[in-house]
$ cat coords-v4.cif   # mmCIF, C-alpha atoms
data_work
#
loop_
_atom_site.label_atom_id
_atom_site.label_comp_id
_atom_site.auth_asym_id
_atom_site.auth_seq_id
_atom_site.Cartn_x
_atom_site.Cartn_y
_atom_site.Cartn_z
CA MET A 1 14.93 69.94 29.65
CA ALA A 2 12.84 66.81 29.58
CA THR A 3 14.59 63.60 30.27
CA THR A 4 13.64 60.33 28.73
CA THR A 5 13.50 57.12 30.63
CA PRO A 6 15.26 54.28 28.87
CA GLU A 7 12.89 51.59 27.81
CA ALA A 8 13.01 48.37 29.73
CA PRO A 9 14.42 45.50 27.74
CA THR A 10 11.68 43.43 26.25
CA ARG A 11 11.71 39.65 25.95
CA PRO A 12 11.66 38.23 22.47
CA ALA A 13 8.29 37.21 21.16
CA THR A 14 7.29 33.63 21.67
CA THR A 15 8.21 31.50 18.73
CA SER A 16 7.74 27.86 17.98
CA ARG A 17 11.51 27.40 18.26
CA GLY A 18 12.08 28.58 21.83
CA PRO A 19 11.24 27.09 25.22
CA ARG A 20 7.92 28.92 25.27
CA GLY A 21 7.06 27.47 21.89
CA LEU A 22 7.88 24.01 23.19
CA THR A 23 5.67 24.56 26.23
CA VAL A 24 2.82 25.79 24.05
CA GLY A 25 3.29 22.83 21.73
CA LEU A 26 3.20 20.33 24.60
CA ARG A 27 0.14 22.03 26.04
CA SER A 28 -1.59 21.84 22.65
CA LEU A 29 -0.67 18.17 22.36
CA LYS A 30 -2.09 17.46 25.81
CA GLU A 31 -5.30 19.29 24.95
CA ALA A 32 -5.61 17.30 21.75
CA LEU A 33 -5.10 14.01 23.59
CA ASP A 34 -7.71 15.00 26.18
CA ARG A 35 -10.41 15.41 23.55
CA PRO A 36 -13.23 12.83 23.66
CA LEU A 37 -12.40 11.22 20.32
CA SER A 38 -8.62 11.21 20.57
CA SER A 39 -8.34 7.44 21.20
CA TYR A 40 -10.73 6.77 18.34
CA TYR A 41 -8.75 8.86 15.83
CA LEU A 42 -5.37 7.59 17.05
CA LEU A 43 -6.48 4.00 16.49
CA LEU A 44 -7.98 4.71 13.08
CA GLY A 45 -5.03 6.78 11.88
CA ALA A 46 -2.25 4.50 13.12
CA SER A 47 -3.99 1.34 11.89
CA ALA A 48 -4.68 2.82 8.44
CA LEU A 49 -1.08 3.99 8.07
CA LEU A 50 0.33 0.62 9.13
CA LEU A 51 -1.96 -1.22 6.75
CA THR A 52 -1.01 1.09 3.88
CA ILE A 53 2.70 0.73 4.60
CA GLY A 54 2.22 -3.02 4.83
CA LEU A 55 0.60 -3.25 1.40
CA ILE A 56 3.33 -1.12 -0.16
CA MET A 57 6.06 -3.22 1.43
CA VAL A 58 4.42 -6.54 0.54
CA LEU A 59 4.24 -5.37 -3.08
CA SER A 60 7.89 -4.35 -3.06
CA ALA A 61 9.33 -7.25 -1.03
CA SER A 62 7.39 -9.97 -2.86
CA SER A 63 7.75 -8.77 -6.45
CA VAL A 64 10.88 -10.79 -7.24
CA TYR A 65 9.62 -13.90 -5.47
CA SER A 66 6.25 -13.62 -7.21
CA PHE A 67 7.77 -13.26 -10.65
CA ARG A 68 10.22 -16.14 -10.21
CA ASN A 69 7.83 -18.61 -8.62
CA LEU A 70 4.38 -17.55 -9.85
CA GLY A 71 5.10 -15.75 -13.11
CA ASP A 72 3.37 -12.56 -11.94
CA SER A 73 5.14 -9.83 -9.98
CA TYR A 74 1.82 -8.85 -8.36
CA ALA A 75 0.60 -12.35 -7.41
CA VAL A 76 1.40 -12.11 -3.68
CA VAL A 77 0.14 -8.57 -3.20
CA LYS A 78 -3.10 -9.50 -5.00
CA ARG A 79 -3.65 -12.22 -2.40
CA GLN A 80 -2.89 -9.73 0.36
CA LEU A 81 -5.44 -7.32 -1.10
CA MET A 82 -7.97 -10.15 -1.06
CA TRP A 83 -7.35 -10.64 2.66
CA VAL A 84 -7.62 -6.89 3.23
CA ALA A 85 -10.98 -6.94 1.40
CA ILE A 86 -12.10 -9.61 3.87
CA GLY A 87 -10.51 -8.09 6.96
CA LEU A 88 -11.74 -4.50 6.66
CA PRO A 89 -15.48 -5.35 6.59
CA ALA A 90 -14.87 -7.81 9.44
CA ALA A 91 -13.15 -5.03 11.40
CA TRP A 92 -16.06 -2.67 10.71
CA VAL A 93 -18.55 -5.24 11.99
CA ALA A 94 -16.36 -5.87 15.05
CA SER A 95 -16.28 -2.14 15.83
CA ARG A 96 -20.08 -2.01 15.97
CA ILE A 97 -21.06 -5.31 17.51
CA PRO A 98 -22.70 -4.82 20.92
CA LEU A 99 -20.64 -6.02 23.87
CA LYS A 100 -23.30 -8.48 25.01
CA HIS A 101 -23.24 -10.19 21.60
CA LEU A 102 -19.45 -10.15 21.55
CA ARG A 103 -19.28 -11.86 24.93
CA ARG A 104 -21.70 -14.53 23.76
CA MET A 105 -19.12 -15.47 21.14
CA ALA A 106 -16.39 -16.13 23.74
CA TYR A 107 -16.97 -19.85 24.35
CA PRO A 108 -17.95 -20.71 20.73
CA GLY A 109 -14.87 -18.86 19.47
CA PHE A 110 -12.59 -20.67 21.90
CA LEU A 111 -14.05 -24.06 21.00
CA VAL A 112 -13.73 -23.37 17.27
CA ALA A 113 -10.10 -22.35 17.69
CA LEU A 114 -9.43 -25.47 19.77
CA ALA A 115 -11.10 -27.68 17.17
CA LEU A 116 -9.06 -26.12 14.36
CA LEU A 117 -5.84 -26.73 16.29
CA VAL A 118 -6.84 -30.37 16.82
CA LEU A 119 -7.43 -30.67 13.06
CA VAL A 120 -4.00 -29.18 12.45
CA ALA A 121 -2.43 -31.77 14.76
CA ARG A 122 -4.20 -34.54 12.82
CA PHE A 123 -4.32 -33.27 9.22
CA GLY A 124 -1.99 -30.27 9.22
CA VAL A 125 0.38 -29.32 6.42
CA VAL A 126 4.10 -29.05 7.18
CA ILE A 127 5.68 -25.80 5.94
CA ASN A 128 9.25 -24.81 6.83
CA GLY A 129 9.42 -27.62 9.37
CA ASN A 130 6.31 -26.54 11.29
CA LYS A 131 3.01 -28.40 11.15
CA ASN A 132 0.85 -25.37 11.79
CA TRP A 133 -1.15 -24.96 8.57
CA LEU A 134 -4.56 -26.36 7.68
CA SER A 135 -5.47 -26.76 4.02
CA LEU A 136 -9.05 -25.79 3.17
CA GLY A 137 -9.28 -26.41 -0.56
CA PRO A 138 -7.30 -23.71 -2.41
CA VAL A 139 -6.70 -21.76 0.82
CA ALA A 140 -4.33 -22.63 3.66
CA ILE A 141 -4.91 -21.03 7.05
CA GLN A 142 -2.92 -20.91 10.27
CA PRO A 143 -5.40 -21.57 13.12
CA ALA A 144 -2.90 -20.49 15.77
CA GLU A 145 -3.33 -16.89 14.57
CA ILE A 146 -7.09 -17.16 15.04
CA ALA A 147 -6.49 -18.70 18.47
CA LYS A 148 -4.69 -15.55 19.67
CA LEU A 149 -7.84 -13.46 19.34
CA ALA A 150 -10.10 -16.29 20.54
CA ILE A 151 -8.25 -16.86 23.82
CA ILE A 152 -8.13 -13.12 24.60
CA LEU A 153 -11.90 -12.89 24.07
CA TRP A 154 -12.54 -16.05 26.10
CA ALA A 155 -10.26 -15.10 29.02
CA SER A 156 -11.61 -11.52 29.12
CA HIS A 157 -15.19 -12.78 29.28
CA ILE A 158 -14.39 -15.19 32.11
CA TYR A 159 -12.41 -12.69 34.16
CA ALA A 160 -15.07 -10.01 33.70
CA HIS A 161 -17.67 -12.52 34.94
CA LYS A 162 -15.48 -13.32 37.96
CA GLU A 163 -14.51 -9.71 38.63
CA ARG A 164 -15.48 -9.78 42.32
CA ARG A 165 -13.87 -13.16 42.99
CA LEU A 166 -10.45 -12.57 41.47
CA GLY A 167 -8.90 -12.14 44.91
CA GLU A 168 -8.89 -15.94 45.17
CA LEU A 169 -6.15 -17.75 43.25
CA HIS A 170 -8.51 -20.58 42.32
CA HIS A 171 -10.76 -18.23 40.34
CA VAL A 172 -7.74 -16.61 38.68
CA VAL A 173 -6.37 -19.96 37.50
CA VAL A 174 -9.49 -21.98 36.61
CA PRO A 175 -10.51 -22.36 33.82
CA VAL A 176 -8.30 -19.84 31.98
CA VAL A 177 -4.90 -21.37 32.68
CA PRO A 178 -5.87 -24.98 31.81
CA GLY A 179 -7.72 -23.80 28.69
CA MET A 180 -4.81 -21.72 27.44
CA ALA A 181 -2.41 -24.53 28.32
CA MET A 182 -4.38 -26.82 26.00
CA VAL A 183 -4.08 -24.31 23.17
CA ILE A 184 -0.36 -23.78 23.75
CA THR A 185 0.25 -27.54 23.92
CA LEU A 186 -1.45 -28.07 20.55
CA VAL A 187 0.64 -25.28 19.01
CA VAL A 188 3.84 -26.76 20.44
CA ALA A 189 2.82 -30.15 19.04
CA GLY A 190 2.91 -28.51 15.61
CA ARG A 191 6.50 -27.39 16.33
CA ASP A 192 5.55 -23.71 16.18
CA LEU A 193 7.57 -22.56 19.17
CA GLY A 194 7.40 -18.86 18.26
CA THR A 195 3.60 -18.71 18.26
CA ALA A 196 3.51 -20.75 21.47
CA LEU A 197 5.70 -18.14 23.17
CA VAL A 198 3.38 -15.34 22.00
CA LEU A 199 0.38 -17.23 23.39
CA PHE A 200 2.22 -17.73 26.67
CA ALA A 201 2.98 -13.99 26.82
CA ILE A 202 -0.74 -13.28 26.35
CA LEU A 203 -1.54 -15.68 29.20
CA LEU A 204 0.95 -14.00 31.55
CA ALA A 205 -0.38 -10.56 30.61
CA MET A 206 -3.96 -11.58 31.37
CA LEU A 207 -2.89 -13.04 34.71
CA TRP A 208 -0.96 -9.89 35.56
CA VAL A 209 -3.82 -7.54 34.78
CA VAL A 210 -6.24 -9.51 36.98
CA GLY A 211 -3.77 -9.45 39.88
CA ALA A 212 -2.23 -12.92 40.05
CA PRO A 213 0.42 -13.21 42.83
CA ALA A 214 4.08 -12.63 41.94
CA ARG A 215 5.14 -16.16 42.90
CA PHE A 216 2.88 -17.49 40.17
CA PHE A 217 4.89 -15.62 37.51
CA THR A 218 8.21 -16.78 38.96
CA VAL A 219 7.20 -20.43 38.75
CA ALA A 220 5.60 -20.02 35.31
CA LEU A 221 8.54 -18.19 33.75
CA THR A 222 11.05 -20.66 35.16
CA GLY A 223 9.07 -23.65 33.98
CA VAL A 224 8.43 -22.29 30.50
CA GLY A 225 12.05 -21.17 30.12
CA VAL A 226 13.28 -24.68 30.88
CA LEU A 227 10.66 -26.21 28.57
CA ALA A 228 11.51 -23.81 25.72
CA LEU A 229 15.21 -24.64 25.97
CA PHE A 230 14.39 -28.35 25.98
CA LEU A 231 12.17 -28.03 22.91
CA ALA A 232 14.87 -26.01 21.16
CA THR A 233 17.33 -28.86 21.68
CA THR A 234 14.98 -31.29 19.93
CA SER A 235 15.58 -29.50 16.62
CA GLN A 236 19.07 -28.96 15.27
CA GLU A 237 17.90 -25.93 13.28
CA ARG A 238 16.35 -24.27 16.35
CA LEU A 239 19.41 -25.05 18.44
CA GLU A 240 21.70 -23.43 15.88
CA ARG A 241 19.47 -20.36 15.72
CA LEU A 242 19.47 -20.11 19.52
CA THR A 243 23.24 -20.38 19.84
CA ASN A 244 24.15 -18.15 16.88
CA PHE A 245 21.62 -15.32 16.91
CA VAL A 246 23.90 -12.89 18.80
CA ASP A 247 26.59 -13.23 16.09
CA PRO A 248 24.91 -14.48 12.90
CA PHE A 249 28.13 -13.97 10.93
CA LYS A 250 29.76 -16.76 12.91
CA ASP A 251 27.70 -19.27 10.93
CA TYR A 252 27.08 -17.04 7.94
CA HIS A 253 26.46 -19.75 5.33
CA ASP A 254 24.06 -21.79 7.49
CA ALA A 255 21.97 -20.73 10.51
CA GLY A 256 23.22 -17.14 10.34
CA TRP A 257 22.33 -16.58 6.67
CA GLN A 258 18.87 -15.05 7.22
CA PRO A 259 19.66 -12.74 10.18
CA ALA A 260 22.96 -11.69 8.59
CA HIS A 261 21.25 -10.60 5.38
CA GLY A 262 18.57 -8.89 7.44
CA LEU A 263 21.32 -6.82 9.07
CA TYR A 264 22.83 -6.13 5.63
CA ALA A 265 19.46 -4.76 4.49
CA LEU A 266 19.07 -2.51 7.52
CA SER A 267 22.65 -1.24 7.36
CA THR A 268 22.39 -0.21 3.70
CA GLY A 269 19.14 1.66 4.30
CA GLY A 270 20.79 4.60 6.04
CA TRP A 271 18.65 7.45 7.31
CA LEU A 272 16.09 7.66 4.48
CA GLY A 273 16.55 4.37 2.65
CA GLN A 274 17.31 3.39 -0.92
CA GLY A 275 13.78 4.11 -2.09
CA ILE A 276 10.68 1.97 -2.47
CA GLY A 277 11.42 -0.99 -4.74
CA ALA A 278 15.21 -0.54 -4.54
CA SER A 279 16.00 -3.36 -2.09
CA ARG A 280 18.81 -5.66 -3.16
CA GLN A 281 18.34 -8.32 -0.49
CA LYS A 282 14.88 -9.25 -1.77
CA TRP A 283 16.46 -10.62 -4.96
CA GLY A 284 17.06 -13.95 -3.29
CA ASP A 285 19.63 -13.45 -0.54
CA LEU A 286 17.07 -12.75 2.20
CA PRO A 287 14.67 -15.67 2.89
CA GLU A 288 11.06 -14.81 3.81
CA ALA A 289 11.55 -11.23 2.63
CA HIS A 290 7.81 -10.53 2.40
CA THR A 291 6.79 -12.42 5.56
CA ASP A 292 8.91 -12.75 8.72
CA PHE A 293 11.75 -10.46 7.54
CA ILE A 294 9.76 -7.74 5.81
CA PHE A 295 10.99 -5.26 8.44
CA ALA A 296 14.51 -5.69 6.99
CA VAL A 297 13.30 -4.77 3.50
CA LEU A 298 11.37 -1.86 4.98
CA GLY A 299 14.56 -0.61 6.63
CA GLU A 300 16.54 -1.00 3.43
CA GLU A 301 14.01 0.89 1.30
CA LEU A 302 12.67 3.47 3.78
CA GLY A 303 15.68 3.75 6.09
CA LEU A 304 15.75 4.52 9.78
CA ALA A 305 12.94 7.05 9.30
CA GLY A 306 10.61 4.35 7.95
CA THR A 307 11.42 1.80 10.65
CA LEU A 308 10.96 4.38 13.43
CA LEU A 309 7.64 5.46 11.89
CA VAL A 310 6.36 1.87 12.01
CA VAL A 311 7.48 1.41 15.62
CA VAL A 312 5.91 4.75 16.65
CA LEU A 313 2.62 3.77 15.00
CA PHE A 314 2.52 0.52 16.97
CA PHE A 315 3.16 2.39 20.20
CA THR A 316 0.44 4.87 19.22
CA ILE A 317 -2.03 1.96 19.02
CA ALA A 318 -0.76 0.70 22.36
CA PHE A 319 -1.14 4.15 23.94
CA ALA A 320 -4.71 4.51 22.72
CA ALA A 321 -5.66 0.99 23.83
CA VAL A 322 -4.16 1.39 27.31
CA ARG A 323 -5.94 4.75 27.57
CA ILE A 324 -9.22 2.99 26.81
CA ALA A 325 -8.46 0.29 29.38
CA LEU A 326 -7.71 2.86 32.09
CA ARG A 327 -10.77 5.02 31.40
CA THR A 328 -13.42 2.31 31.11
CA ASP A 329 -15.64 1.04 33.90
CA ASP A 330 -16.33 -2.24 32.08
CA PRO A 331 -13.90 -4.98 33.19
CA PHE A 332 -14.44 -6.90 29.94
CA VAL A 333 -13.31 -3.91 27.85
CA ARG A 334 -10.34 -3.41 30.16
CA TYR A 335 -9.11 -7.00 29.92
CA MET A 336 -9.81 -7.25 26.20
CA SER A 337 -7.96 -4.01 25.40
CA PHE A 338 -4.95 -4.99 27.46
CA GLY A 339 -4.79 -8.46 25.93
CA ILE A 340 -4.88 -7.07 22.38
CA VAL A 341 -2.10 -4.58 23.23
CA VAL A 342 0.16 -7.32 24.56
CA TRP A 343 -0.53 -9.49 21.52
CA LEU A 344 0.15 -6.87 18.80
CA LEU A 345 2.87 -4.89 20.55
CA GLY A 346 4.64 -7.98 21.88
CA GLN A 347 4.61 -9.65 18.47
CA MET A 348 5.98 -6.49 16.87
CA MET A 349 8.83 -6.33 19.40
CA ILE A 350 9.70 -9.99 18.86
CA ASN A 351 9.72 -9.59 15.08
CA VAL A 352 11.86 -6.47 15.20
CA GLY A 353 14.17 -8.16 17.70
CA MET A 354 14.61 -11.08 15.29
CA VAL A 355 15.54 -8.78 12.42
CA LEU A 356 17.96 -6.82 14.61
CA ALA A 357 19.55 -10.12 15.74
CA VAL A 358 18.87 -9.45 19.42
CA LEU A 359 16.43 -12.38 19.53
CA PRO A 360 16.55 -15.81 17.87
CA VAL A 361 14.70 -16.28 14.59
CA ILE A 362 11.45 -17.99 15.63
CA GLY A 363 9.19 -17.27 12.68
CA ILE A 364 6.94 -14.48 13.98
CA PRO A 365 5.31 -12.13 11.39
CA LEU A 366 5.06 -8.37 11.84
CA PRO A 367 1.37 -7.53 12.44
CA LEU A 368 -0.34 -5.58 9.64
CA ILE A 369 2.92 -5.42 7.67
CA SER A 370 3.93 -9.01 6.84
CA TYR A 371 2.15 -10.99 4.15
CA GLY A 372 -0.43 -13.52 5.31
CA GLY A 373 -4.19 -13.54 5.66
CA SER A 374 -4.26 -15.82 8.70
CA ALA A 375 -2.44 -13.15 10.69
CA LEU A 376 -3.89 -10.07 8.99
CA VAL A 377 -7.62 -10.74 9.37
CA PRO A 378 -7.57 -11.49 13.16
CA SER A 379 -5.35 -8.44 13.69
CA LEU A 380 -7.79 -6.20 11.81
CA VAL A 381 -10.72 -7.63 13.77
CA ALA A 382 -8.85 -6.96 17.02
CA LEU A 383 -8.23 -3.36 15.97
CA GLY A 384 -11.88 -3.06 15.00
CA LEU A 385 -12.83 -4.12 18.52
CA LEU A 386 -10.52 -1.46 19.97
CA VAL A 387 -12.10 1.18 17.72
CA GLY A 388 -15.51 0.05 18.94
CA PHE A 389 -14.38 0.35 22.56
CA ALA A 390 -13.13 3.88 21.83
CA ARG A 391 -16.48 4.80 20.27
CA ARG A 392 -18.31 3.61 23.38
CA GLU A 393 -16.42 5.83 25.81
CA PRO A 394 -19.13 8.10 27.31
CA ASP A 395 -17.58 11.38 26.13
CA ALA A 396 -16.77 9.92 22.71
CA ALA A 397 -20.30 8.57 22.30
CA ARG A 398 -21.76 11.99 23.13
CA ALA A 399 -19.38 13.72 20.70
CA LEU A 400 -20.28 11.31 17.89
CA ALA A 401 -24.01 11.71 18.61
CA ALA A 402 -23.67 15.51 18.52
CA ARG A 403 -21.80 15.27 15.24
CA ARG A 404 -24.54 13.12 13.71
CA ARG A 405 -27.22 15.57 14.87
CA SER A 406 -25.25 18.46 13.39
CA ARG A 407 -24.92 16.69 10.05
CA SER A 408 -28.63 15.85 10.03
CA ALA A 409 -29.50 19.46 10.80
CA GLY A 410 -27.20 20.66 8.01
CA LEU A 411 -28.79 18.28 5.50
CA SER A 412 -32.28 19.38 6.54
CA ALA A 413 -31.34 23.06 6.17
CA GLY A 414 -29.83 22.36 2.73
CA ARG A 415 -33.11 20.91 1.53
#
$ encode --input "coords-v4.cif" --output "structure tokens"
Amino acid sequence: MATTTPEAPTRPATTSRGPRGLTVGLRSLKEALDRPLSSYYLLLGASALLLTIGLIMVLSASSVYSFRNLGDSYAVVKRQLMWVAIGLPAAWVASRIPLKHLRRMAYPGFLVALALLVLVARFGVVINGNKNWLSLGPVAIQPAEIAKLAIILWASHIYAHKERRLGELHHVVVPVVPGMAMVITLVVAGRDLGTALVLFAILLAMLWVVGAPARFFTVALTGVGVLALFLATTSQERLERLTNFVDPFKDYHDAGWQPAHGLYALSTGGWLGQGIGASRQKWGDLPEAHTDFIFAVLGEELGLAGTLLVVVLFFTIAFAAVRIALRTDDPFVRYMSFGIVVWLLGQMMINVGMVLAVLPVIGIPLPLISYGGSALVPSLVALGLLVGFARREPDAARALAARRRSRSAGLSAGR
């Protein structure tokens, strides 16, 4: 009588839900990120999504303000669309400008930014207590936003030129530190402490990436911390914001009004939000709903899912830019990419920190999301530069060239 051998137990098939599926998924993600054009597509995709979300949120957050003050619910978003129409072509040009031509613009760009800041100090317009706007006919611009991109370009050009001499502290400091100090001083003179702190963060980041000694940062941070506290005491409004930001409800009807209503907006958003256009705080309780505190309206209407999506998109841009900086052999591209990352990511973290009441309210917009052409256009140009750097990576350039040849061959065969 034949005997049968019991079958050995078999393992369940690999599914996307089990550990094997997770391993396969992570391996696929790694392979996708290792492709030549991954940085290029990450930058394009994340930037496009942020810009789209920003336009939707500006439309929603500004509709009440626009109708009450301008008689047209779409007045503010129309202006934002105008700035987008200016910024996108500028970003496209920036993505394709040769590096040698870009570097030639470093000193002229820095001098123009410096001149604009001097004009602000002399003829600037005071808005919300800060003299940081320059009126050019029907348009008002904020030169400090232009200065952020200008000083990154200028410092990157200088440090790339001095690449072999950066082991000496003198070459690290001169002329970048005095030049940036002039810019920061002019911004502080306009009482825009928030922008001055962002500029200082850019300066420290540039010094760190070129290898400045640790003692330099200790002295700089101590000195600037003392100076910032002193400047805060010169304004009663800033002092109240500094002392009450941890518990805005302590001074609810005065300095805590804006951060408290920002927290109200976020808390009512829940997981998925109240829906686009359904914010209650934008009806007058939340000041600057479409500018500095647009993240609160975003959280109220799109919930935790929407706020996390925005944060993840910013970190996606940062990941792609750092990847470019680490893979390039050009020191100018490395310094420029790192400076742009610190600018955009740092400003996002400060803005979100303000809305979450973990940082004082210092009037910093959320890049690509908040209303304002002075901030939007330089940010789009900076992202265009990053896209251009991604296109110039050797593997990416070869992949794009092969794609163009394939398309040309396909068109020729079709004819």
$ closest_residue --input "coords-v4.cif" --among "A:Lys131, A:Arg164, A:Arg334, A:His290" --to "A:Arg191" --atoms "all atoms listed in the file"
A:Lys131
$ atom_distance --input "coords-v4.cif" --atom1 "atom CA of A:Ser235" --atom2 "atom CA of A:Pro360"
13.8 Å
$ atom_distance --input "coords-v4.cif" --atom1 "atom CA of A:Ala147" --atom2 "atom CA of A:Ala113"
5.2 Å
$ closest_residue --input "coords-v4.cif" --among "A:Phe315, A:Met336, A:Leu197, A:Val322" --to "A:Trp154" --atoms "all atoms listed in the file"
A:Met336
$ resolve_selection --input "coords-v4.cif" --expression "the PyMOL selection byres ((chain A and resi 368-370) around 10)" --output "MDAnalysis selection string"
chainID A and resid 47:58 61 80 84 288:295 298 310 314 344 348 364:367 371:373 375:380
$ resolve_selection --input "coords-v4.cif" --expression "the PyMOL selection byres ((chain A and resi 384) around 10)" --output "number ranges by chain"
A: 43-44, 47, 87-97, 378-383, 385-390
$ write_last_selection --input "coords-v4.cif" --atoms "C-alpha atoms" --output "tab-separated table (two decimals), keeping the file's coordinate frame"
chain	number	residue	atom	x	y	z
A	43	LEU	CA	-6.48	4.00	16.49
A	44	LEU	CA	-7.98	4.71	13.08
A	47	SER	CA	-3.99	1.34	11.89
A	87	GLY	CA	-10.51	-8.09	6.96
A	88	LEU	CA	-11.74	-4.50	6.66
A	89	PRO	CA	-15.48	-5.35	6.59
A	90	ALA	CA	-14.87	-7.81	9.44
A	91	ALA	CA	-13.15	-5.03	11.40
A	92	TRP	CA	-16.06	-2.67	10.71
A	93	VAL	CA	-18.55	-5.24	11.99
A	94	ALA	CA	-16.36	-5.87	15.05
A	95	SER	CA	-16.28	-2.14	15.83
A	96	ARG	CA	-20.08	-2.01	15.97
A	97	ILE	CA	-21.06	-5.31	17.51
A	378	PRO	CA	-7.57	-11.49	13.16
A	379	SER	CA	-5.35	-8.44	13.69
A	380	LEU	CA	-7.79	-6.20	11.81
A	381	VAL	CA	-10.72	-7.63	13.77
A	382	ALA	CA	-8.85	-6.96	17.02
A	383	LEU	CA	-8.23	-3.36	15.97
A	385	LEU	CA	-12.83	-4.12	18.52
A	386	LEU	CA	-10.52	-1.46	19.97
A	387	VAL	CA	-12.10	1.18	17.72
A	388	GLY	CA	-15.51	0.05	18.94
A	389	PHE	CA	-14.38	0.35	22.56
A	390	ALA	CA	-13.13	3.88	21.83
$ residues_around --input "coords-v4.cif" --residues "stretch 399-410 of chain A" --least-positions-apart "4" --cutoff "12 Å" --atoms "all atoms listed in the file" --output "PyMOL selection string"
chain A and resi 35-38+40-41+390-395+414-415
$ residues_near_point --input "coords-v4.cif" --point "(-11.5, -14.0, 23.9)" --cutoff "10 Å" --atoms "only C-alpha atoms" --output "list of chain:residue names"
A:Leu102, A:Arg103, A:Met105, A:Ala106, A:Tyr107, A:Pro108, A:Gly109, A:Phe110, A:Ala147, A:Lys148, A:Leu149, A:Ala150, A:Ile151, A:Ile152, A:Leu153, A:Trp154, A:Ala155, A:Ser156, A:His157, A:Ile158, A:Phe332, A:Tyr335, A:Met336, A:Gly339, A:Ile340
$ write_last_selection --input "coords-v4.cif" --atoms "C-alpha atoms" --output "PDB file, keeping the file's coordinate frame"
ATOM      1  CA  LEU A 102     -19.450 -10.150  21.550  1.00  0.00           C
ATOM      2  CA  ARG A 103     -19.280 -11.860  24.930  1.00  0.00           C
ATOM      3  CA  MET A 105     -19.120 -15.470  21.140  1.00  0.00           C
ATOM      4  CA  ALA A 106     -16.390 -16.130  23.740  1.00  0.00           C
ATOM      5  CA  TYR A 107     -16.970 -19.850  24.350  1.00  0.00           C
ATOM      6  CA  PRO A 108     -17.950 -20.710  20.730  1.00  0.00           C
ATOM      7  CA  GLY A 109     -14.870 -18.860  19.470  1.00  0.00           C
ATOM      8  CA  PHE A 110     -12.590 -20.670  21.900  1.00  0.00           C
ATOM      9  CA  ALA A 147      -6.490 -18.700  18.470  1.00  0.00           C
ATOM     10  CA  LYS A 148      -4.690 -15.550  19.670  1.00  0.00           C
ATOM     11  CA  LEU A 149      -7.840 -13.460  19.340  1.00  0.00           C
ATOM     12  CA  ALA A 150     -10.100 -16.290  20.540  1.00  0.00           C
ATOM     13  CA  ILE A 151      -8.250 -16.860  23.820  1.00  0.00           C
ATOM     14  CA  ILE A 152      -8.130 -13.120  24.600  1.00  0.00           C
ATOM     15  CA  LEU A 153     -11.900 -12.890  24.070  1.00  0.00           C
ATOM     16  CA  TRP A 154     -12.540 -16.050  26.100  1.00  0.00           C
ATOM     17  CA  ALA A 155     -10.260 -15.100  29.020  1.00  0.00           C
ATOM     18  CA  SER A 156     -11.610 -11.520  29.120  1.00  0.00           C
ATOM     19  CA  HIS A 157     -15.190 -12.780  29.280  1.00  0.00           C
ATOM     20  CA  ILE A 158     -14.390 -15.190  32.110  1.00  0.00           C
ATOM     21  CA  PHE A 332     -14.440  -6.900  29.940  1.00  0.00           C
ATOM     22  CA  TYR A 335      -9.110  -7.000  29.920  1.00  0.00           C
ATOM     23  CA  MET A 336      -9.810  -7.250  26.200  1.00  0.00           C
ATOM     24  CA  GLY A 339      -4.790  -8.460  25.930  1.00  0.00           C
ATOM     25  CA  ILE A 340      -4.880  -7.070  22.380  1.00  0.00           C
TER      26      ILE A 340
END
$ residues_around --input "coords-v4.cif" --residues "A:Leu119" --least-positions-apart "5" --cutoff "10 Å" --atoms "only C-alpha atoms" --output "compact mmCIF listing (two decimals) with C-alpha atoms, keeping the file's coordinate frame"
# COMPACT_ATOMS: atom_id res chain seq x y z
CA ALA A 113 -10.10 -22.35 17.69
CA LEU A 114 -9.43 -25.47 19.77
CA GLY A 124 -1.99 -30.27 9.22
CA ASN A 132 0.85 -25.37 11.79
CA TRP A 133 -1.15 -24.96 8.57
CA LEU A 134 -4.56 -26.36 7.68
CA PRO A 143 -5.40 -21.57 13.12
CA LEU A 186 -1.45 -28.07 20.55
$ atom_distance --input "coords-v4.cif" --atom1 "atom CA of A:Gly299" --atom2 "atom CA of A:Gly269"
5.6 Å
$ residues_around --input "coords-v4.cif" --residues "A:Leu166" --least-positions-apart "6" --cutoff "12 Å" --atoms "only C-alpha atoms" --output "list in words"
Ile158, Tyr159, Ala160, Val172, Val173, Val174, Leu207, Trp208, Val209, Val210, Gly211, Ala212, Pro213 and Pro331 of chain A
$ resolve_selection --input "coords-v4.cif" --expression "the PyMOL selection byres ((chain A and resi 302) around 10)" --output "PyMOL selection string"
chain A and resi 57+266+269-279+296-301+303-309
